[in-house]
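Asker: The structure's right below; bear with me while I get my questions together.
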Amino acid sequence: MTPLLIAALGLLMVATAFLSGLFGMAGGMILIGVLLALMPLPTAMVLHAITQMASNGWRAFLWRAHIRWRPVFVYLIGCALALGLWSLSRYVPDKPIALLLLGVTPFMARLMPANLKPNPDSIWQGSFYGFVCMGLMLMTGVSGPLMDTFFLGGKFDRREIVATKATCQVASHLVKLVYFGGIIDQAASLDPVLAAVAIAASMLGTTLARRILEAMSDAQFRTWAGRLITTVASYYILYGGWLLVTRSSAMAF
C-alpha cells in the first residue's frame with residue numbers, strides 16, 4: 001500500500017475508534033466496510049482484528065474499574081463453541097446473506113417476549129449471544145448491532161456497557177485473527193507498518209472519546225446508541241438486499 005493510502009486509513013481508524021470509544025459500537029462496522037472494498041477478505045479481516053483489538057483493549061484498560069467480569073466469562077464460553085464449529089467447517093459465507101442476517105438480528109432481539117429480552121447477567125443468554133455474535137464475526141468481520149442490543153438490554157450504566165463490551169470484543173477479535181490468519185485455507189499476512197499505524201490510530205481515537213463519554217448521561221447514551229443500532233442495522237438490510245437483487249439480475253442475463 002502507498003504511504004498516502006496508509007495515512008488515509010490511519011485517519012479513518014482514528015475516526016472510527018473515536019466513534020466506538022464514545023458509544024462502544026459502530027466504528028468497527030464502518031471500518032470493515034472500507035477495508036473489504038480495498039483488499040481481499042482474509043487480509044481485511046486480519047487488519048480489522050488487529051485494529052479492533054487495539055481499540056477495544058485500550059478502551060477496556062481506560063474503563064477497567066467498570067468491567068463486569070461474570071458476563072465476560074460467560075460470553076467467552078459461547079465464543080469458544082463458535083470457534084470450534086467454524087474451525088471444523090471453515091465456512092466462508094455469501095456476503096449478501098451475511099449482511100442481511102447482521103441487519104435483521106437486532107430487530108429480532110427487540111421483538112422477543114419480555115422474559116426473553118436481552119440480559120447480559122443471564123448465564124444461558126450470555127453463552128447463546130456469545131455463540132451467535134462470534135459466528136457473525138467470523139462470517140462478516142463484526143458482531144454488529146446484535147451484540148450492542150444485548151448489552152443495552154441489561155441494567156449496566158454507560159461505563160459498564162462500554163468497558164464490558166470492549167473486554168468481550170478483545171477476545172472475539174483475537175479469535176477472528178487466529179481464524180483468518182491461520183485456520184482457513186487462504187490465511188492472510190499483513191504489512192507490519194500498516195499494523196503499527198492501525199494500533200496507534202485506534203488507541204488515539206479511543207483516548208479522544210473518553211471525556212465526551214464522561215460528560216454524557218446514561219439516558220443520552222442509551223438514546224443515541226439505540227438510534228445508532230437502528231441506523232446501522234437498517235443499512236445492512238438495504239445493502240445486503242441490494243447485493244442480492246443485483247446478483248440475481250446479473251444471473252438472469
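Chains: A, B, ... in order of the C-alpha cells. Residues: from 1 per chain. Ligands: from 1, in order shown.
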What lies within 9 Å of region 222-239 of chain A using only C-alpha atoms, ignoring chain neighbours under 4 positions off, as a PyMOL selection string?

Answerer: chain A and resi 23-26+29-30+96+99-107+144-146+148-149+152+158+217-218+243-244

Asker: Just list the residues in region 2-246 of chain A DSSP gives alpha helix (DSSP H) on the backbone, as a PyMOL selection string.

Answerer: chain A and resi 3-23+27-38+41-62+69-89+95-110+123-140+144-152+158-178+192-215+218-246

Asker: Identify, on the basis of only C-alpha atoms, every residue whose closest approach to Ala166 (chain A) does not exceed 10 Å; exclude the query and any residue fewer than 2 positions from it along the same chain; express the result as a list in words.

Answerer: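 My reading of the contact set: Ser20, Gly21, Gly24, Met25, Gln52, Met53, Ser55, Asn56, Gly57, Trp58, Arg59, Ala60, Phe61, Trp63, Arg64, Ile67, Val72, Glu160, Ile161, Val162, Ala163, Thr164, Cys168, Gln169, Val170, Ala171 and Ser172 of chain A.
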
Asker: What separation in Å, quoted to one decimal, exists between CA of Ser87 (chain A) and CA of Met39 (chain A)?

Answerer: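 Distance reported for this atom pair: 23.2 Å.
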
Asker: Between A:Leu76, A:Leu81, A:Asn119, A:Trp242, which has the minimum distance to Gly153 (chain A) (counting only C-alpha atoms)?

Answerer: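 Of A:Leu76, A:Leu81, A:Asn119, A:Trp242, the one nearest Gly153 (chain A) is A:Asn119, counting only C-alpha atoms.
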
Asker: Set the distance at 12 Å and use only C-alpha atoms: which residues neighbour Leu194 (chain A) once local chain neighbours fewer than 3 positions away are removed? I'd like the list as an mmCIF file with N, CA, C and O atoms, in the first residue's frame.

Answerer:
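What ended up in selection_32.cif:
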data_model
loop_
_atom_site.group_PDB
_atom_site.id
_atom_site.type_symbol
_atom_site.label_atom_id
_atom_site.label_comp_id
_atom_site.auth_asym_id
_atom_site.auth_seq_id
_atom_site.Cartn_x
_atom_site.Cartn_y
_atom_site.Cartn_z
ATOM 1 N N MET A 1 0.839 -1.190 0.000
ATOM 2 C CA MET A 1 0.000 0.000 0.000
ATOM 3 C C MET A 1 0.880 1.248 0.000
ATOM 4 O O MET A 1 1.951 1.257 0.595
ATOM 5 N N THR A 2 0.424 2.286 -0.665
ATOM 6 C CA THR A 2 1.196 3.527 -0.747
ATOM 7 C C THR A 2 1.154 4.266 0.591
ATOM 8 O O THR A 2 0.207 4.093 1.381
ATOM 9 N N PRO A 3 2.162 5.102 0.887
ATOM 10 C CA PRO A 3 2.149 5.882 2.135
ATOM 11 C C PRO A 3 0.901 6.751 2.279
ATOM 12 O O PRO A 3 0.374 6.914 3.383
ATOM 13 N N LEU A 4 0.400 7.292 1.155
ATOM 14 C CA LEU A 4 -0.796 8.140 1.208
ATOM 15 C C LEU A 4 -2.019 7.332 1.628
ATOM 16 O O LEU A 4 -2.828 7.790 2.453
ATOM 17 N N LEU A 5 -2.144 6.128 1.096
ATOM 18 C CA LEU A 5 -3.284 5.278 1.449
ATOM 19 C C LEU A 5 -3.182 4.826 2.903
ATOM 20 O O LEU A 5 -4.196 4.761 3.617
ATOM 21 N N ILE A 6 -1.975 4.518 3.358
ATOM 22 C CA ILE A 6 -1.786 4.133 4.761
ATOM 23 C C ILE A 6 -2.168 5.285 5.691
ATOM 24 O O ILE A 6 -2.830 5.095 6.715
ATOM 25 N N ALA A 7 -1.773 6.522 5.306
ATOM 26 C CA ALA A 7 -2.118 7.699 6.111
ATOM 27 C C ALA A 7 -3.632 7.915 6.142
ATOM 28 O O ALA A 7 -4.209 8.237 7.186
ATOM 29 N N ALA A 8 -4.289 7.735 4.985
ATOM 30 C CA ALA A 8 -5.747 7.898 4.917
ATOM 31 C C ALA A 8 -6.452 6.860 5.783
ATOM 32 O O ALA A 8 -7.418 7.172 6.500
ATOM 33 N N LEU A 9 -5.963 5.635 5.734
ATOM 34 C CA LEU A 9 -6.536 4.588 6.581
ATOM 35 C C LEU A 9 -6.312 4.890 8.058
ATOM 36 O O LEU A 9 -7.179 4.630 8.895
ATOM 37 N N GLY A 10 -5.154 5.459 8.370
ATOM 38 C CA GLY A 10 -4.871 5.830 9.754
ATOM 39 C C GLY A 10 -5.866 6.854 10.282
ATOM 40 O O GLY A 10 -6.369 6.740 11.408
ATOM 41 N N MET A 13 -9.158 5.208 10.867
ATOM 42 C CA MET A 13 -9.129 4.393 12.089
ATOM 43 C C MET A 13 -9.243 5.250 13.342
ATOM 44 O O MET A 13 -9.862 4.841 14.327
ATOM 45 N N THR A 43 -7.294 -10.621 4.294
ATOM 46 C CA THR A 43 -6.412 -9.527 4.720
ATOM 47 C C THR A 43 -7.197 -8.451 5.454
ATOM 48 O O THR A 43 -6.747 -7.921 6.483
ATOM 49 N N ALA A 44 -8.382 -8.125 4.933
ATOM 50 C CA ALA A 44 -9.234 -7.137 5.594
ATOM 51 C C ALA A 44 -9.611 -7.600 6.995
ATOM 52 O O ALA A 44 -9.618 -6.803 7.953
ATOM 53 N N VAL A 46 -7.963 -9.683 8.973
ATOM 54 C CA VAL A 46 -6.796 -9.670 9.856
ATOM 55 C C VAL A 46 -6.485 -8.248 10.314
ATOM 56 O O VAL A 46 -6.253 -7.993 11.497
ATOM 57 N N LEU A 47 -6.473 -7.289 9.369
ATOM 58 C CA LEU A 47 -6.199 -5.899 9.732
ATOM 59 C C LEU A 47 -7.287 -5.364 10.660
ATOM 60 O O LEU A 47 -6.995 -4.660 11.633
ATOM 61 N N HIS A 48 -8.522 -5.686 10.360
ATOM 62 C CA HIS A 48 -9.633 -5.250 11.204
ATOM 63 C C HIS A 48 -9.506 -5.834 12.610
ATOM 64 O O HIS A 48 -9.755 -5.145 13.608
ATOM 65 N N ILE A 50 -6.748 -6.709 14.220
ATOM 66 C CA ILE A 50 -5.662 -6.025 14.934
ATOM 67 C C ILE A 50 -6.116 -4.643 15.395
ATOM 68 O O ILE A 50 -5.881 -4.225 16.536
ATOM 69 N N THR A 51 -6.790 -3.921 14.492
ATOM 70 C CA THR A 51 -7.277 -2.582 14.819
ATOM 71 C C THR A 51 -8.250 -2.615 15.991
ATOM 72 O O THR A 51 -8.154 -1.828 16.934
ATOM 73 N N SER A 189 -1.586 -12.558 5.509
ATOM 74 C CA SER A 189 -0.469 -11.914 6.196
ATOM 75 C C SER A 189 -0.703 -10.416 6.140
ATOM 76 O O SER A 189 -1.578 -9.937 5.414
ATOM 77 N N LEU A 190 0.092 -9.631 6.888
ATOM 78 C CA LEU A 190 -0.166 -8.198 6.977
ATOM 79 C C LEU A 190 1.140 -7.429 7.065
ATOM 80 O O LEU A 190 2.097 -7.855 7.721
ATOM 81 N N ASP A 191 1.183 -6.265 6.400
ATOM 82 C CA ASP A 191 2.323 -5.359 6.446
ATOM 83 C C ASP A 191 2.496 -4.849 7.877
ATOM 84 O O ASP A 191 1.566 -4.265 8.440
ATOM 85 N N VAL A 197 0.453 1.361 12.414
ATOM 86 C CA VAL A 197 -0.397 2.547 12.235
ATOM 87 C C VAL A 197 -1.796 2.270 12.772
ATOM 88 O O VAL A 197 -2.403 3.120 13.441
ATOM 89 N N ALA A 198 -2.316 1.086 12.505
ATOM 90 C CA ALA A 198 -3.652 0.718 12.960
ATOM 91 C C ALA A 198 -3.743 0.740 14.482
ATOM 92 O O ALA A 198 -4.713 1.252 15.055
ATOM 93 N N ILE A 199 -2.736 0.197 15.143
ATOM 94 C CA ILE A 199 -2.739 0.145 16.609
ATOM 95 C C ILE A 199 -2.676 1.549 17.202
ATOM 96 O O ILE A 199 -3.448 1.900 18.099
ATOM 97 N N ALA A 200 -1.752 2.369 16.683
ATOM 98 C CA ALA A 200 -1.599 3.730 17.212
ATOM 99 C C ALA A 200 -2.858 4.567 16.968
ATOM 100 O O ALA A 200 -3.319 5.300 17.858
ATOM 101 N N ALA A 201 -3.435 4.474 15.771
ATOM 102 C CA ALA A 201 -4.628 5.255 15.443
ATOM 103 C C ALA A 201 -5.809 4.839 16.302
ATOM 104 O O ALA A 201 -6.586 5.692 16.771
#
